[in-house]
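> Structure file model12.pdb, PDB, C-alpha atoms, is pasted below:
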```
ATOM      1  CA  THR A 177      15.396 -53.272 -32.150
ATOM      2  CA  THR A 178      18.250 -52.490 -34.514
ATOM      3  CA  THR A 179      19.376 -54.764 -37.322
ATOM      4  CA  SER A 180      22.707 -55.388 -35.581
ATOM      5  CA  GLU A 181      20.958 -56.397 -32.349
ATOM      6  CA  PHE A 182      18.703 -58.798 -34.249
ATOM      7  CA  LYS A 183      21.633 -60.343 -36.112
ATOM      8  CA  LEU A 184      23.610 -60.727 -32.876
ATOM      9  CA  ARG A 185      20.820 -62.579 -31.128
ATOM     10  CA  THR A 186      20.090 -64.775 -34.167
ATOM     11  CA  LEU A 187      23.766 -65.685 -34.511
ATOM     12  CA  MET A 188      24.108 -66.604 -30.838
ATOM     13  CA  ALA A 189      20.904 -68.618 -30.800
ATOM     14  CA  GLY A 190      21.883 -70.448 -33.986
ATOM     15  CA  GLU A 191      25.349 -71.349 -32.764
ATOM     16  CA  ASN A 192      24.179 -71.986 -29.199
ATOM     17  CA  LYS A 193      26.988 -69.757 -27.931
ATOM     18  CA  ALA A 194      27.063 -68.186 -24.514
ATOM     19  CA  VAL A 195      27.112 -64.411 -24.746
ATOM     20  CA  VAL A 196      30.065 -62.668 -23.105
ATOM     21  CA  VAL A 197      28.736 -60.208 -20.538
ATOM     22  CA  GLU A 198      30.795 -57.550 -18.790
ATOM     23  CA  PHE A 199      29.675 -55.449 -15.832
ATOM     24  CA  GLY A 200      30.198 -51.781 -15.142
ATOM     25  CA  GLY A 201      29.219 -49.325 -12.450
ATOM     26  CA  ILE A 202      26.470 -46.720 -12.582
ATOM     27  CA  ASN A 203      27.538 -43.145 -11.849
ATOM     28  CA  GLU A 204      26.661 -39.527 -12.549
ATOM     29  CA  GLN A 205      28.384 -39.671 -15.930
ATOM     30  CA  ASN A 206      26.417 -42.620 -17.328
ATOM     31  CA  VAL A 207      23.170 -42.666 -15.341
ATOM     32  CA  GLU A 208      21.228 -41.491 -18.414
ATOM     33  CA  GLN A 209      21.901 -44.927 -19.873
ATOM     34  CA  LEU A 210      19.995 -46.376 -16.934
ATOM     35  CA  ARG A 211      17.050 -44.097 -17.693
ATOM     36  CA  LYS A 212      16.995 -45.443 -21.241
ATOM     37  CA  ILE A 213      17.123 -49.059 -20.076
ATOM     38  CA  ASN A 214      14.290 -48.492 -17.603
ATOM     39  CA  SER A 215      12.149 -46.641 -20.145
ATOM     40  CA  ALA A 216      12.547 -49.513 -22.602
ATOM     41  CA  CYS A 217      11.904 -52.290 -20.075
ATOM     42  CA  PHE A 218       9.284 -51.085 -17.595
ATOM     43  CA  PRO A 219       5.738 -49.678 -17.774
ATOM     44  CA  VAL A 220       6.452 -47.172 -14.999
ATOM     45  CA  GLN A 221       8.621 -44.068 -14.981
ATOM     46  CA  TYR A 222      11.134 -43.722 -12.164
ATOM     47  CA  ASN A 223      11.618 -40.265 -10.675
ATOM     48  CA  ASP A 224      14.869 -38.407 -10.159
ATOM     49  CA  ASN A 225      15.175 -39.592  -6.559
ATOM     50  CA  PHE A 226      15.547 -43.175  -7.776
ATOM     51  CA  TYR A 227      18.533 -42.270  -9.958
ATOM     52  CA  LYS A 228      20.071 -40.109  -7.244
ATOM     53  CA  GLU A 229      19.889 -43.062  -4.844
ATOM     54  CA  ILE A 230      21.649 -45.331  -7.319
ATOM     55  CA  THR A 231      24.512 -42.944  -8.041
ATOM     56  CA  ALA A 232      24.893 -42.104  -4.349
ATOM     57  CA  GLN A 233      25.536 -45.761  -3.508
ATOM     58  CA  LYS A 234      28.967 -45.729  -5.133
ATOM     59  CA  ASN A 235      28.890 -49.513  -4.994
ATOM     60  CA  ASP A 236      29.375 -51.260  -8.327
ATOM     61  CA  ASP A 237      28.442 -54.610  -6.791
ATOM     62  CA  LEU A 238      24.915 -53.661  -5.743
ATOM     63  CA  SER A 239      23.902 -51.797  -8.909
ATOM     64  CA  LYS A 240      25.519 -52.226 -12.299
ATOM     65  CA  PHE A 241      25.194 -52.282 -16.070
ATOM     66  CA  ALA A 242      25.535 -55.339 -18.281
ATOM     67  CA  TYR A 243      27.594 -54.759 -21.428
ATOM     68  CA  VAL A 244      27.738 -56.863 -24.590
ATOM     69  CA  ASN A 245      30.349 -55.858 -27.173
ATOM     70  CA  GLY A 246      30.744 -52.531 -25.379
ATOM     71  CA  TYR A 247      27.036 -51.650 -25.428
ATOM     72  CA  VAL A 248      24.781 -51.313 -22.381
ATOM     73  CA  VAL A 249      22.074 -53.969 -22.772
ATOM     74  CA  GLY A 250      20.727 -54.307 -19.238
ATOM     75  CA  ALA A 251      21.039 -53.300 -15.614
ATOM     76  CA  ILE A 252      20.269 -54.392 -12.095
ATOM     77  CA  CYS A 253      19.678 -51.964  -9.230
ATOM     78  CA  THR A 254      19.600 -53.166  -5.646
ATOM     79  CA  ARG A 255      20.012 -51.680  -2.196
ATOM     80  CA  VAL A 256      20.632 -52.904   1.319
ATOM     81  CA  GLU A 257      17.792 -51.988   3.657
ATOM     82  CA  GLN A 258      16.610 -52.839   7.145
ATOM     83  CA  ALA A 259      14.438 -55.942   7.101
ATOM     84  CA  SER A 260      13.060 -55.734  10.611
ATOM     85  CA  VAL A 261      12.730 -52.931  13.130
ATOM     86  CA  ASP A 262      12.920 -55.416  15.987
ATOM     87  CA  GLU A 263      15.996 -57.325  14.897
ATOM     88  CA  LYS A 264      19.420 -56.334  13.640
ATOM     89  CA  ARG A 265      19.093 -57.821  10.204
ATOM     90  CA  ASP A 266      19.101 -56.418   6.697
ATOM     91  CA  ARG A 267      18.073 -57.577   3.267
ATOM     92  CA  ILE A 268      19.072 -56.937  -0.311
ATOM     93  CA  TYR A 269      16.136 -55.414  -2.133
ATOM     94  CA  ILE A 270      16.011 -55.715  -5.918
ATOM     95  CA  MET A 271      14.605 -52.442  -7.198
ATOM     96  CA  THR A 272      14.917 -53.138 -10.915
ATOM     97  CA  LEU A 273      16.254 -55.796 -13.256
ATOM     98  CA  GLY A 274      15.935 -55.064 -16.951
ATOM     99  CA  VAL A 275      17.419 -56.361 -20.199
ATOM    100  CA  LEU A 276      16.694 -54.901 -23.625
ATOM    101  CA  ALA A 277      14.251 -57.035 -25.609
ATOM    102  CA  ALA A 278      16.750 -57.962 -28.323
ATOM    103  CA  TYR A 279      19.109 -59.451 -25.725
ATOM    104  CA  ARG A 280      16.642 -61.443 -23.659
ATOM    105  CA  GLY A 281      16.923 -65.203 -23.553
ATOM    106  CA  LEU A 282      20.717 -65.051 -23.527
ATOM    107  CA  GLY A 283      21.181 -65.422 -19.769
ATOM    108  CA  ILE A 284      22.073 -61.783 -19.162
ATOM    109  CA  GLY A 285      19.419 -61.259 -16.475
ATOM    110  CA  SER A 286      20.581 -64.421 -14.715
ATOM    111  CA  LYS A 287      24.187 -63.220 -14.776
ATOM    112  CA  LEU A 288      23.169 -59.889 -13.243
ATOM    113  CA  VAL A 289      21.262 -61.537 -10.384
ATOM    114  CA  LYS A 290      24.031 -64.079  -9.827
ATOM    115  CA  SER A 291      26.617 -61.299  -9.634
ATOM    116  CA  VAL A 292      24.760 -59.707  -6.715
ATOM    117  CA  LEU A 293      24.393 -63.063  -4.956
ATOM    118  CA  ASP A 294      28.089 -63.751  -5.523
ATOM    119  CA  TYR A 295      28.931 -60.379  -3.994
ATOM    120  CA  TYR A 296      27.019 -61.348  -0.858
ATOM    121  CA  THR A 297      28.774 -64.710  -0.699
ATOM    122  CA  ASP A 298      32.224 -63.218  -1.248
ATOM    123  CA  CYS A 299      31.753 -60.595   1.454
ATOM    124  CA  ASN A 300      30.698 -63.175   4.015
ATOM    125  CA  SER A 301      33.123 -65.980   3.227
ATOM    126  CA  PRO A 302      36.449 -66.468   5.006
ATOM    127  CA  VAL A 303      39.559 -66.045   2.895
ATOM    128  CA  VAL A 304      41.692 -69.175   3.255
ATOM    129  CA  SER A 305      45.433 -68.540   3.125
ATOM    130  CA  GLN A 306      48.029 -70.912   1.732
ATOM    131  CA  ASP A 307      48.642 -72.412   5.169
ATOM    132  CA  GLY A 308      44.971 -73.301   5.458
ATOM    133  CA  ASP A 309      43.962 -70.602   7.925
ATOM    134  CA  ALA A 310      40.968 -68.372   7.378
ATOM    135  CA  ASP A 311      42.484 -64.914   7.025
ATOM    136  CA  ASN A 312      39.387 -62.823   7.641
ATOM    137  CA  VAL A 313      37.814 -64.574  10.614
ATOM    138  CA  GLN A 314      37.997 -62.987  14.057
ATOM    139  CA  ASN A 315      37.242 -65.311  16.922
ATOM    140  CA  SER A 316      35.682 -63.979  20.101
ATOM    141  CA  SER A 317      34.434 -65.702  23.190
ATOM    142  CA  ASP A 318      30.838 -65.936  22.044
ATOM    143  CA  SER A 319      30.803 -65.626  18.240
ATOM    144  CA  THR A 320      32.772 -65.693  15.012
ATOM    145  CA  VAL A 321      32.813 -62.381  13.174
ATOM    146  CA  LEU A 322      33.534 -62.300   9.444
ATOM    147  CA  LYS A 323      35.370 -59.266   8.171
ATOM    148  CA  PRO A 324      34.785 -57.990   4.636
ATOM    149  CA  ILE A 325      37.258 -59.229   2.059
ATOM    150  CA  SER A 326      37.917 -55.666   0.984
ATOM    151  CA  GLY A 327      36.449 -52.336   1.962
ATOM    152  CA  LYS A 328      33.236 -51.914   3.881
ATOM    153  CA  ASN A 329      30.991 -54.967   4.141
ATOM    154  CA  PHE A 330      27.638 -53.535   3.121
ATOM    155  CA  VAL A 331      25.959 -56.933   3.503
ATOM    156  CA  ALA A 332      27.283 -58.069   6.884
ATOM    157  CA  ASP A 333      23.812 -58.185   8.456
ATOM    158  CA  VAL A 334      21.922 -59.320   5.342
ATOM    159  CA  ASP A 335      20.032 -62.591   5.614
ATOM    160  CA  GLU A 336      17.670 -62.468   2.636
ATOM    161  CA  ILE A 337      17.084 -60.994  -0.798
ATOM    162  CA  MET A 338      13.632 -59.907  -1.949
ATOM    163  CA  LEU A 339      11.608 -57.950  -4.476
ATOM    164  CA  HIS A 340       8.046 -57.114  -5.488
ATOM    165  CA  VAL A 341       6.625 -58.592  -8.700
ATOM    166  CA  GLN A 342       3.322 -57.662 -10.336
ATOM    167  CA  ILE A 343       0.839 -60.532  -9.982
ATOM    168  CA  SER A 344       0.342 -60.716 -13.752
ATOM    169  CA  ASN A 345       4.083 -60.963 -14.493
ATOM    170  CA  GLU A 346       4.380 -64.740 -14.534
ATOM    171  CA  ASP A 347       7.621 -64.661 -16.528
ATOM    172  CA  ALA A 348       9.377 -62.711 -13.774
ATOM    173  CA  GLN A 349       7.910 -64.932 -11.075
ATOM    174  CA  ASN A 350       9.087 -68.078 -12.847
ATOM    175  CA  PHE A 351      12.510 -66.547 -13.472
ATOM    176  CA  TYR A 352      13.220 -65.964  -9.782
ATOM    177  CA  ILE A 353      11.447 -69.062  -8.468
ATOM    178  CA  LYS A 354      12.786 -71.612 -10.945
ATOM    179  CA  LYS A 355      16.284 -70.252 -11.539
ATOM    180  CA  PHE A 356      17.144 -68.925  -8.093
ATOM    181  CA  ASN A 357      14.802 -70.791  -5.730
ATOM    182  CA  PHE A 358      12.935 -67.722  -4.536
ATOM    183  CA  THR A 359       9.756 -68.276  -2.544
ATOM    184  CA  LYS A 360       6.467 -66.605  -3.449
ATOM    185  CA  GLY A 361       5.200 -64.832  -0.365
ATOM    186  CA  GLU A 362       2.116 -62.811   0.382
ATOM    187  CA  MET A 363       0.237 -60.657  -2.084
ATOM    188  CA  VAL A 364       0.338 -56.917  -1.474
ATOM    189  CA  GLU A 365      -2.782 -55.149  -2.704
ATOM    190  CA  ASN A 366      -2.565 -51.797  -4.508
ATOM    191  CA  TYR A 367       1.209 -51.697  -4.375
ATOM    192  CA  TYR A 368       1.488 -50.034  -7.790
ATOM    193  CA  LYS A 369      -0.165 -46.681  -8.382
ATOM    194  CA  ARG A 370      -0.180 -46.305 -12.147
ATOM    195  CA  ILE A 371      -0.308 -49.811 -13.643
ATOM    196  CA  ASP A 372      -2.979 -52.470 -13.759
ATOM    197  CA  PRO A 373      -3.282 -54.835 -12.013
ATOM    198  CA  PRO A 374      -1.893 -52.816  -9.080
ATOM    199  CA  HIS A 375      -1.224 -55.840  -6.863
ATOM    200  CA  CYS A 376       2.084 -57.659  -6.427
ATOM    201  CA  TYR A 377       3.650 -60.677  -4.814
ATOM    202  CA  ILE A 378       6.639 -60.559  -2.501
ATOM    203  CA  LEU A 379       9.359 -62.910  -3.714
ATOM    204  CA  PHE A 380      12.189 -63.688  -1.337
ATOM    205  CA  LYS A 381      15.120 -66.010  -0.770
ATOM    206  CA  LYS A 382      16.747 -66.712   2.573
ATOM    207  CA  LEU A 383      20.520 -66.401   2.348
ATOM    208  CA  ARG A 384      21.346 -67.889   5.741
TER
END
```
Translate this structure into structure tokens?

Amino acid sequence: TTTSEFKLRTLMAGENKAVVVEFGGINEQNVEQLRKINSACFPVQYNDNFYKEITAQKNDDLSKFAYVNGYVVGAICTRVEQASVDEKRDRIYIMTLGVLAAYRGLGIGSKLVKSVLDYYTDCNSPVVSQDGDADNVQNSSDSTVLKPISGKNFVADVDEIMLHVQISNEDAQNFYIKKFNFTKGEMVENYYKRIDPPHCYILFKKLR
């Protein structure tokens, strides 16, 4: 923790001010910043394939940095994956969510999670024009199909968001359950290979 980081947090806590957070994409040019965030926040080391997956997404809405005063202070990394082999439905999987220690307690983690949830909502909400019509709804004989607001809708078939949380990490469990109404699901034994305890809970939230 640097002196400037400590002073920033003390000032904001003392004045009860909301920190201004800006988001930015993760790419080949700045991915080393993500390595530094992960090394500072997590007890496990992510391999090169993890970082290649993030930069290959080329989607600033699924994975992004959080900036405060121009400095990277946190990041969230998510992906869209198939939720069921039997049904055509996907889920958003939260791979990592980390905020540097000096900037915790300022709502930055909440803003990162909310930004991903807002992305899902925006992609699957009709755009209402000035005359009151929904611009991006296509009506067919048997269903209503929502088109993406812009570009490809990566979350068209998503119906839930989920993640794995170590059973001993009560702070993370409370964060998702109390702030975002996630549900604690089953425990998965021996999910982690190099940390103790190795077990985790599945946390999930139905989106529709």
> Give me the residues near Ser260 of chain A as a PyMOL selection string, where near means some atom within 12 Å (using all atoms listed in the file) and where sequence neighbours in that chain fewer than 3 positions away do not count.
chain A and resi 257+263-267+333-336
> Using only C-alpha atoms, determine which residues lie at most 9 Å from Met271 of chain A, disregarding the query and same-chain residues fewer than 3 positions distant; provide the list as a PyMOL selection string.
chain A and resi 252-255+339-340
> What residues come out when you apply the PyMOL selection byres ((chain A and resi 196-198) around 9) to this file, written as a PDB file with C-alpha atoms, in the coordinates of the input?

```
ATOM      1  CA  ALA A 194      27.063 -68.186 -24.514  1.00  0.00           C
ATOM      2  CA  VAL A 195      27.112 -64.411 -24.746  1.00  0.00           C
ATOM      3  CA  PHE A 199      29.675 -55.449 -15.832  1.00  0.00           C
ATOM      4  CA  GLY A 200      30.198 -51.781 -15.142  1.00  0.00           C
ATOM      5  CA  PHE A 241      25.194 -52.282 -16.070  1.00  0.00           C
ATOM      6  CA  ALA A 242      25.535 -55.339 -18.281  1.00  0.00           C
ATOM      7  CA  TYR A 243      27.594 -54.759 -21.428  1.00  0.00           C
ATOM      8  CA  VAL A 244      27.738 -56.863 -24.590  1.00  0.00           C
ATOM      9  CA  ASN A 245      30.349 -55.858 -27.173  1.00  0.00           C
ATOM     10  CA  GLY A 246      30.744 -52.531 -25.379  1.00  0.00           C
ATOM     11  CA  ILE A 284      22.073 -61.783 -19.162  1.00  0.00           C
ATOM     12  CA  LYS A 287      24.187 -63.220 -14.776  1.00  0.00           C
TER      13      LYS A 287
END
```
> What is the atom CA of Asp262 of chain A to atom CA of Arg384 of chain A distance in Å?
18.2 Å
> Could you state the separation of atom CA of Thr359 of chain A and atom CA of Val292 of chain A in Å, given to one decimal place?
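Interatomic distance, atom CA of Thr359 of chain A to atom CA of Val292 of chain A: 17.8 Å.
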> Excluding Ile378 of chain A and its own-chain neighbours fewer than 2 positions away, which residues fall within 7 Å of it when counting all atoms listed in the file? Please give them as a compact mmCIF listing (two decimals) with C-alpha atoms, in the frame of the given file.

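Full text of around-v7.txt as output:
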```
# COMPACT_ATOMS: atom_id res chain seq x y z
CA LEU A 339 11.61 -57.95 -4.48
CA HIS A 340 8.05 -57.11 -5.49
CA VAL A 341 6.62 -58.59 -8.70
CA LYS A 360 6.47 -66.60 -3.45
CA GLY A 361 5.20 -64.83 -0.36
CA GLU A 362 2.12 -62.81 0.38
CA MET A 363 0.24 -60.66 -2.08
CA CYS A 376 2.08 -57.66 -6.43
CA PHE A 380 12.19 -63.69 -1.34
```
> Quick one: everything within 10 Å of Phe218 of chain A, counting all atoms listed in the file, minus sequence neighbours fewer than 3 positions away in the same chain. Send it as JSON, numbers by chain.
{"A": [213, 214, 215, 221, 222, 272, 273, 274]}
> So, counting all atoms listed in the file, which residue among A:Ile270, A:Cys217, A:Val275, A:Met338 is closest to Leu238 of chain A?
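Smallest distance to Leu238 of chain A is found for A:Ile270.
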> How many Å separate atom CA of Val364 of chain A from atom CA of Lys212 of chain A?
28.3 Å
> On this structure, which residues satisfy the PyMOL selection byres ((chain A and resi 203-206) around 10), written as an MDAnalysis selection string?
chainID A and resid 200:202 207:211 227:228 230:236 239:241
> May I ask which of the residues A:Ala348, A:Leu293, A:Ala332, A:Leu282 is the closest one to Gly250 of chain A, counting only C-alpha atoms?
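Residue with the minimum atom-to-atom distance to Gly250 of chain A: A:Leu282.
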> Kindly indicate which residue among A:Ala216, A:Leu288, A:Ala251, A:Leu383 lies nearest to Ile337 of chain A, using all atoms listed in the file for the distances.
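Smallest separation from Ile337 of chain A among the options: A:Leu383.
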